[in-house]
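For reference, the structure is listed below as structure tokens.
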Amino acid sequence: MSSVEIRPANVNDIDVVVPCIYSSGPIAFDYVFSDGMDFLKQSFKKGQCQFGFQNHYVAEQNETVVASIACFDRNQLNAMELPCIKEIFQYYGWRSIPVLLRGLSIERLIPKPIQHSLYIAHVGVTPEQRGTGIGTQLIAWAKEKAQRQGYQSLTLDVAKANDGADKLYHSLGFEDLKLRHSKIANLCDHKTMILKLR
């Protein structure tokens, strides 16, 4: 397994990072935004909401971006809500209300992070690098970050049908915290997983 260097994302990473973000939940992104990839590109460039470059990190191998990850806590996510709403209205105009309502329905399936926990989101690896251990390195990096910043736990959400991710997270010490049943067509049940740090 080749090691990676992890650094904050910048706007120039857009062509690699946005597909990585999208790959972390394409059905959910398309359900909420209809054109998930296009909205993510605009949001990534603006930088401020949870899909923006300012809230992501990238993994580099031989100076090439091969993966992305976002980490934030509940308070940080709350602070991103208004910029995200503004971006939605700027992008969708009169179509914004249905987008926001679909976003709220997703939030019942994938809720905000629990208190005192660093939340992992948008973990994505480029197709040619999947299965090479990069995901494991991203999670190890996030764990170290959470410990350094004094969080009590590391949490994430995963689709119940995503057996590969489920096995990886369990192998890294995560435990199932809560299963939520989907009422959205084509979107499977999701569960929150937790890694207790103290």
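Letters for chains follow the order of the structure tokens (A, B, ...), residue numbers begin at 1 for each chain, and ligand numbers begin at 1 in the order shown.
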Q: Find the residues near Arg7 of chain A: any atom within 7 Å, counting only C-alpha atoms, skip ones fewer than 3 places away on the same chain, and give them as a list in words.
A: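 So the residues in contact are Tyr57, Val58 and Ala59 of chain A.
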Could you take the residues named above and write them with N, CA, C and O atoms, as a PDB file, in the first residue's frame?
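File produced: part34.pdb:
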ATOM      1  N   TYR A  57     -10.645  17.865   2.010  1.00  0.00           N
ATOM      2  CA  TYR A  57      -9.223  17.550   1.956  1.00  0.00           C
ATOM      3  C   TYR A  57      -9.015  16.558   0.826  1.00  0.00           C
ATOM      4  O   TYR A  57      -9.937  15.823   0.465  1.00  0.00           O
ATOM      5  N   VAL A  58      -7.814  16.570   0.271  1.00  0.00           N
ATOM      6  CA  VAL A  58      -7.515  15.624  -0.795  1.00  0.00           C
ATOM      7  C   VAL A  58      -6.310  14.778  -0.412  1.00  0.00           C
ATOM      8  O   VAL A  58      -5.431  15.215   0.333  1.00  0.00           O
ATOM      9  N   ALA A  59      -6.296  13.560  -0.938  1.00  0.00           N
ATOM     10  CA  ALA A  59      -5.141  12.676  -0.805  1.00  0.00           C
ATOM     11  C   ALA A  59      -4.391  12.700  -2.127  1.00  0.00           C
ATOM     12  O   ALA A  59      -4.995  12.557  -3.193  1.00  0.00           O
TER      13      ALA A  59
END
Q) Which residues, written as a ChimeraX atom specification, have at least one atom at most 8 Å from segment 129-133 of chain A, with only C-alpha atoms counted and residues fewer than 2 positions away on the same chain left out? A) /A:1-2,66,125-127,135-137
Q) DSSP says strand (DSSP E or B) for which residues of segment 136-165 of chain A? Put them as a ChimeraX atom specification? A) /A:153-159
Please save C-alpha atoms of the selected residues as a CSV table (one decimal), in the first residue's frame.
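Final output, part-v7.csv:
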chain,number,residue,atom,x,y,z
A,153,SER,CA,-15.9,10.1,18.6
A,154,LEU,CA,-15.7,9.8,14.9
A,155,THR,CA,-19.0,9.2,13.0
A,156,LEU,CA,-20.1,8.6,9.5
A,157,ASP,CA,-23.2,7.4,7.6
A,158,VAL,CA,-23.1,4.5,5.1
A,159,ALA,CA,-25.7,2.9,2.9
Q: Please identify all polymer residues within 6 Å of segment 29-46 of chain A, counting only C-alpha atoms, omitting same-chain residues fewer than 2 positions from it, and present them as an MDAnalysis selection string.
A: chainID A and resid 11 26:27 48 51:53 99 102:103
Can you pull out the residues contacting Pro111 of chain A? Cut-off 12 Å, using only C-alpha atoms, and skip same-chain residues under 5 positions away; I want them as a PDB file with N, CA and C atoms, in the first residue's frame.
ATOM      1  N   ARG A  74     -21.061  19.075  14.238  1.00  0.00           N
ATOM      2  CA  ARG A  74     -22.443  19.570  14.149  1.00  0.00           C
ATOM      3  C   ARG A  74     -22.502  21.093  14.053  1.00  0.00           C
ATOM      4  N   LEU A  77     -21.351  22.277  10.650  1.00  0.00           N
ATOM      5  CA  LEU A  77     -22.379  22.024   9.641  1.00  0.00           C
ATOM      6  C   LEU A  77     -23.506  23.043   9.747  1.00  0.00           C
ATOM      7  N   ASN A  78     -23.911  23.369  10.971  1.00  0.00           N
ATOM      8  CA  ASN A  78     -24.958  24.381  11.152  1.00  0.00           C
ATOM      9  C   ASN A  78     -24.534  25.720  10.543  1.00  0.00           C
ATOM     10  N   GLY A 103     -33.987  17.943   0.237  1.00  0.00           N
ATOM     11  CA  GLY A 103     -32.846  17.933   1.151  1.00  0.00           C
ATOM     12  C   GLY A 103     -33.264  17.616   2.574  1.00  0.00           C
ATOM     13  N   LEU A 104     -34.397  18.167   2.996  1.00  0.00           N
ATOM     14  CA  LEU A 104     -34.902  17.878   4.343  1.00  0.00           C
ATOM     15  C   LEU A 104     -35.285  16.405   4.476  1.00  0.00           C
ATOM     16  N   SER A 105     -35.829  15.820   3.423  1.00  0.00           N
ATOM     17  CA  SER A 105     -36.195  14.404   3.512  1.00  0.00           C
ATOM     18  C   SER A 105     -34.947  13.526   3.589  1.00  0.00           C
ATOM     19  N   ILE A 106     -33.874  13.928   2.932  1.00  0.00           N
ATOM     20  CA  ILE A 106     -32.608  13.194   3.042  1.00  0.00           C
ATOM     21  C   ILE A 106     -32.041  13.323   4.456  1.00  0.00           C
ATOM     22  N   TYR A 119     -17.441  14.335  12.186  1.00  0.00           N
ATOM     23  CA  TYR A 119     -18.198  13.570  11.202  1.00  0.00           C
ATOM     24  C   TYR A 119     -17.420  13.480   9.896  1.00  0.00           C
ATOM     25  N   ALA A 121     -17.506  12.730   5.874  1.00  0.00           N
ATOM     26  CA  ALA A 121     -18.447  12.734   4.750  1.00  0.00           C
ATOM     27  C   ALA A 121     -17.681  12.756   3.434  1.00  0.00           C
ATOM     28  N   THR A 155     -17.731   9.770  13.546  1.00  0.00           N
ATOM     29  CA  THR A 155     -18.963   9.164  13.047  1.00  0.00           C
ATOM     30  C   THR A 155     -19.065   9.341  11.533  1.00  0.00           C
ATOM     31  N   LEU A 156     -19.881   8.504  10.937  1.00  0.00           N
ATOM     32  CA  LEU A 156     -20.150   8.582   9.501  1.00  0.00           C
ATOM     33  C   LEU A 156     -21.459   7.864   9.220  1.00  0.00           C
ATOM     34  N   ASP A 157     -21.990   8.081   8.034  1.00  0.00           N
ATOM     35  CA  ASP A 157     -23.183   7.365   7.591  1.00  0.00           C
ATOM     36  C   ASP A 157     -22.837   6.561   6.354  1.00  0.00           C
ATOM     37  N   VAL A 158     -23.421   5.388   6.253  1.00  0.00           N
ATOM     38  CA  VAL A 158     -23.142   4.507   5.117  1.00  0.00           C
ATOM     39  C   VAL A 158     -24.438   3.827   4.687  1.00  0.00           C
ATOM     40  N   LYS A 178     -27.005   3.520  14.622  1.00  0.00           N
ATOM     41  CA  LYS A 178     -28.445   3.576  14.371  1.00  0.00           C
ATOM     42  C   LYS A 178     -28.734   3.306  12.899  1.00  0.00           C
ATOM     43  N   LEU A 179     -29.737   2.474  12.662  1.00  0.00           N
ATOM     44  CA  LEU A 179     -30.208   2.188  11.307  1.00  0.00           C
ATOM     45  C   LEU A 179     -31.463   3.013  11.043  1.00  0.00           C
ATOM     46  N   ARG A 180     -31.508   3.647   9.869  1.00  0.00           N
ATOM     47  CA  ARG A 180     -32.679   4.428   9.485  1.00  0.00           C
ATOM     48  C   ARG A 180     -33.232   3.878   8.183  1.00  0.00           C
ATOM     49  N   HIS A 190     -29.969   3.596   5.478  1.00  0.00           N
ATOM     50  CA  HIS A 190     -28.645   4.075   5.873  1.00  0.00           C
ATOM     51  C   HIS A 190     -28.444   3.851   7.361  1.00  0.00           C
ATOM     52  N   LYS A 191     -27.187   3.716   7.722  1.00  0.00           N
ATOM     53  CA  LYS A 191     -26.909   3.606   9.154  1.00  0.00           C
ATOM     54  C   LYS A 191     -25.760   4.528   9.553  1.00  0.00           C
ATOM     55  N   THR A 192     -25.860   5.031  10.768  1.00  0.00           N
ATOM     56  CA  THR A 192     -24.777   5.801  11.358  1.00  0.00           C
ATOM     57  C   THR A 192     -23.847   4.840  12.065  1.00  0.00           C
TER      58      THR A 192
END
Q: Just the residues within 12 Å of Phe72 of chain A, please, counting only C-alpha atoms, with nothing from its chain fewer than 2 positions along; format it as a ChimeraX atom specification.
A: /A:49-51,54-57,69-70,74-80,112-122,142,145-146,149,151,154-156
Q: Please measure the separation of atom CA of His170 of chain A and atom CA of Ile139 of chain A, giving the value in Å to one decimal.
A: 11.8 Å
Q: Using DSSP on the backbone coordinates, identify all residues within segment 25-132 of chain A classified as alpha helix (DSSP H); present the result as a PyMOL selection string.
A: chain A and resi 26-33+36-46+74-92+96-109
Keeping only C-alpha atoms, take the residues you just selected and write them out as a PDB file, in the first residue's frame.
ATOM      1  CA  PRO A  26     -24.807   9.571  -6.424  1.00  0.00           C
ATOM      2  CA  ILE A  27     -28.411   8.476  -5.876  1.00  0.00           C
ATOM      3  CA  ALA A  28     -28.860  10.870  -2.953  1.00  0.00           C
ATOM      4  CA  PHE A  29     -27.197  13.760  -4.804  1.00  0.00           C
ATOM      5  CA  ASP A  30     -29.356  13.247  -7.892  1.00  0.00           C
ATOM      6  CA  TYR A  31     -32.488  12.877  -5.772  1.00  0.00           C
ATOM      7  CA  VAL A  32     -31.914  16.205  -4.020  1.00  0.00           C
ATOM      8  CA  PHE A  33     -30.365  18.260  -6.813  1.00  0.00           C
ATOM      9  CA  GLY A  36     -26.110  16.406  -8.744  1.00  0.00           C
ATOM     10  CA  MET A  37     -22.749  16.685 -10.485  1.00  0.00           C
ATOM     11  CA  ASP A  38     -23.472  20.111 -11.997  1.00  0.00           C
ATOM     12  CA  PHE A  39     -24.614  21.617  -8.698  1.00  0.00           C
ATOM     13  CA  LEU A  40     -21.635  20.096  -6.873  1.00  0.00           C
ATOM     14  CA  LYS A  41     -19.241  21.766  -9.336  1.00  0.00           C
ATOM     15  CA  GLN A  42     -20.766  25.177  -8.657  1.00  0.00           C
ATOM     16  CA  SER A  43     -20.821  24.620  -4.911  1.00  0.00           C
ATOM     17  CA  PHE A  44     -17.257  23.306  -4.796  1.00  0.00           C
ATOM     18  CA  LYS A  45     -15.991  26.433  -6.568  1.00  0.00           C
ATOM     19  CA  LYS A  46     -17.810  28.783  -4.187  1.00  0.00           C
ATOM     20  CA  ARG A  74     -22.443  19.570  14.149  1.00  0.00           C
ATOM     21  CA  ASN A  75     -21.720  23.242  14.871  1.00  0.00           C
ATOM     22  CA  GLN A  76     -19.630  23.620  11.731  1.00  0.00           C
ATOM     23  CA  LEU A  77     -22.379  22.024   9.641  1.00  0.00           C
ATOM     24  CA  ASN A  78     -24.958  24.381  11.152  1.00  0.00           C
ATOM     25  CA  ALA A  79     -22.747  27.323  10.157  1.00  0.00           C
ATOM     26  CA  MET A  80     -22.677  26.020   6.566  1.00  0.00           C
ATOM     27  CA  GLU A  81     -26.471  25.861   6.219  1.00  0.00           C
ATOM     28  CA  LEU A  82     -27.119  29.477   5.260  1.00  0.00           C
ATOM     29  CA  PRO A  83     -24.373  29.595   2.604  1.00  0.00           C
ATOM     30  CA  CYS A  84     -25.742  26.333   1.181  1.00  0.00           C
ATOM     31  CA  ILE A  85     -29.306  27.692   1.038  1.00  0.00           C
ATOM     32  CA  LYS A  86     -28.027  30.817  -0.716  1.00  0.00           C
ATOM     33  CA  GLU A  87     -26.146  28.706  -3.257  1.00  0.00           C
ATOM     34  CA  ILE A  88     -29.264  26.650  -3.944  1.00  0.00           C
ATOM     35  CA  PHE A  89     -31.356  29.775  -4.568  1.00  0.00           C
ATOM     36  CA  GLN A  90     -28.650  31.277  -6.800  1.00  0.00           C
ATOM     37  CA  TYR A  91     -28.373  28.075  -8.825  1.00  0.00           C
ATOM     38  CA  TYR A  92     -32.005  26.916  -9.015  1.00  0.00           C
ATOM     39  CA  SER A  96     -35.221  25.983  -5.102  1.00  0.00           C
ATOM     40  CA  ILE A  97     -38.132  25.087  -2.802  1.00  0.00           C
ATOM     41  CA  PRO A  98     -38.526  21.484  -4.083  1.00  0.00           C
ATOM     42  CA  VAL A  99     -34.725  21.065  -3.824  1.00  0.00           C
ATOM     43  CA  LEU A 100     -34.765  22.236  -0.198  1.00  0.00           C
ATOM     44  CA  LEU A 101     -37.710  19.955   0.640  1.00  0.00           C
ATOM     45  CA  ARG A 102     -35.915  16.963  -0.867  1.00  0.00           C
ATOM     46  CA  GLY A 103     -32.846  17.933   1.151  1.00  0.00           C
ATOM     47  CA  LEU A 104     -34.902  17.878   4.343  1.00  0.00           C
ATOM     48  CA  SER A 105     -36.195  14.404   3.512  1.00  0.00           C
ATOM     49  CA  ILE A 106     -32.608  13.194   3.042  1.00  0.00           C
ATOM     50  CA  GLU A 107     -31.713  14.721   6.409  1.00  0.00           C
ATOM     51  CA  ARG A 108     -34.202  12.353   8.064  1.00  0.00           C
ATOM     52  CA  LEU A 109     -32.229   9.476   6.561  1.00  0.00           C
TER      53      LEU A 109
END
